[in-house]
Amino acid sequence: MSIPTLGRLESLPALEHPELLAPPVLAALQGWEHGSELAVVEIDPEVADTAAMSEAYDLGMDTGANCVVVGGRREGVERVAACLVRADTRADVNTVVKRALDVRKCSFLPMDRAVEESGMEYGGITPVGLPSSWRLLVDSRVLDIDVAVIGSGVRRSKLLLPGRLAAALPGAEVVEGLAS
């Protein structure tokens, strides 16, 4: 089986390069039936943010998929979700995500908390290896990306994920219109 490639990024088999993955990401890939189908690419950590990386590596914004972490409360119970959306869109936090979580108000999790609870670096948070208590909401348009650039849990690399596999990520819930 071949690993995905994209542009001029040097693709390496993700499972063979644990040094380029955050520990929870590596553990998740090792336990996932599709883990061997992902590639990892080493990048300059200074350009880990999607727009900067797209420009630095001459990639369209439509190749990226961003993972944002949101939360809200209902009857005193907190509900947290990671939302995977195409990089050229924004998660509809105030309507679609709020409805999916069944909360009155929804907002982005503070960066320090998202980093601490995920065990991943800011700018590298990915839908692979998230805490089991978090839901994973995937915008249906991510599935149409041939090869999606997503976080690896660290800023110095990215994972290349065939978009169709986003629906197969552990706990993934595909949501139509999650982003606009």
# chains A, B, ... in the order shown; residues from 1 in each chain; ligands from 1
>>> residues_around(residues="region 23-26 of chain A", least_positions_apart="2", cutoff="6 Å", atoms="only C-alpha atoms", output="PyMOL selection string")
chain A and resi 21+28-29+128-129
>>> select_by_dssp(residues="region 8-97 of chain A", states="strand (DSSP E or B)", output="count of residues only")
28
>>> closest_atom_pairs(of="region 100-177 of chain A", to="region 68-92 of chain A", cutoff="7 Å", atoms="only C-alpha atoms", output="Markdown table")
| residue | atom | partner | partner_atom | distance |
| --- | --- | --- | --- | --- |
| A:Leu101 | CA | A:Arg79 | CA | 6.5 |
| A:Val103 | CA | A:Arg74 | CA | 5.2 |
| A:Arg104 | CA | A:Arg74 | CA | 6.9 |
| A:Lys105 | CA | A:Gly72 | CA | 5.8 |
| A:Cys106 | CA | A:Gly72 | CA | 4.6 |
| A:Ser107 | CA | A:Val70 | CA | 5.4 |
| A:Phe108 | CA | A:Val70 | CA | 4.2 |
| A:Leu109 | CA | A:Val70 | CA | 5.0 |
| A:Ala114 | CA | A:Val69 | CA | 6.9 |
| A:Pro127 | CA | A:Ala82 | CA | 6.9 |
| A:Trp134 | CA | A:Ala81 | CA | 5.0 |
| A:Arg135 | CA | A:Ala81 | CA | 4.4 |
| A:Leu136 | CA | A:Ala82 | CA | 5.0 |
| A:Leu137 | CA | A:Cys83 | CA | 4.7 |
| A:Val138 | CA | A:Leu84 | CA | 4.8 |
| A:Asp139 | CA | A:Val85 | CA | 5.3 |
| A:Arg141 | CA | A:Arg86 | CA | 7.0 |
| A:Val142 | CA | A:Arg86 | CA | 5.7 |
>>> select_by_dssp(residues="region 10-93 of chain A", states="alpha helix (DSSP H)", output="PyMOL selection string")
chain A and resi 23-31+50-56
>>> write_last_selection(atoms="C-alpha atoms", output="mmCIF file, in the first residue's frame")
data_model
loop_
_atom_site.group_PDB
_atom_site.id
_atom_site.type_symbol
_atom_site.label_atom_id
_atom_site.label_comp_id
_atom_site.auth_asym_id
_atom_site.auth_seq_id
_atom_site.Cartn_x
_atom_site.Cartn_y
_atom_site.Cartn_z
ATOM 1 C CA PRO A 23 2.454 10.493 21.860
ATOM 2 C CA PRO A 24 -1.383 10.333 21.776
ATOM 3 C CA VAL A 25 -1.315 10.577 17.967
ATOM 4 C CA LEU A 26 1.196 7.750 17.655
ATOM 5 C CA ALA A 27 -0.820 5.559 20.028
ATOM 6 C CA ALA A 28 -4.021 6.232 18.091
ATOM 7 C CA LEU A 29 -2.397 5.456 14.734
ATOM 8 C CA GLN A 30 -0.944 2.221 16.094
ATOM 9 C CA GLY A 31 -4.386 1.100 17.246
ATOM 10 C CA THR A 50 -2.503 26.653 7.910
ATOM 11 C CA ALA A 51 -2.260 29.848 5.851
ATOM 12 C CA ALA A 52 1.499 30.175 6.424
ATOM 13 C CA MET A 53 2.099 26.525 5.573
ATOM 14 C CA SER A 54 -0.034 26.716 2.442
ATOM 15 C CA GLU A 55 1.993 29.688 1.242
ATOM 16 C CA ALA A 56 5.394 28.273 2.219
#
>>> closest_residue(among="A:Val115, A:Val175, A:Leu20, A:Leu6", to="Ala148 (chain A)", atoms="only C-alpha atoms")
A:Leu6
>>> atom_distance(atom1="CA of His34 (chain A)", atom2="CA of Leu15 (chain A)")
10.7 Å
>>> closest_residue(among="A:Leu160, A:Leu130, A:Val147, A:Ile3", to="Val41 (chain A)", atoms="only C-alpha atoms")
A:Leu160
>>> atom_distance(atom1="CA of Pro45 (chain A)", atom2="CA of Ser2 (chain A)")
26.1 Å
>>> residues_around(residues="Gly123 (chain A)", least_positions_apart="6", cutoff="10 Å", atoms="only C-alpha atoms", output="VMD selection string")
chain A and resid 45 47 to 50 66 to 68 111 115 151 to 156
>>> atom_distance(atom1="CA of Thr63 (chain A)", atom2="CA of Glu121 (chain A)")
21.2 Å
>>> closest_residue(among="A:Ser140, A:Ile125, A:Ser133, A:Ser118", to="Arg164 (chain A)", atoms="only C-alpha atoms")
A:Ser140
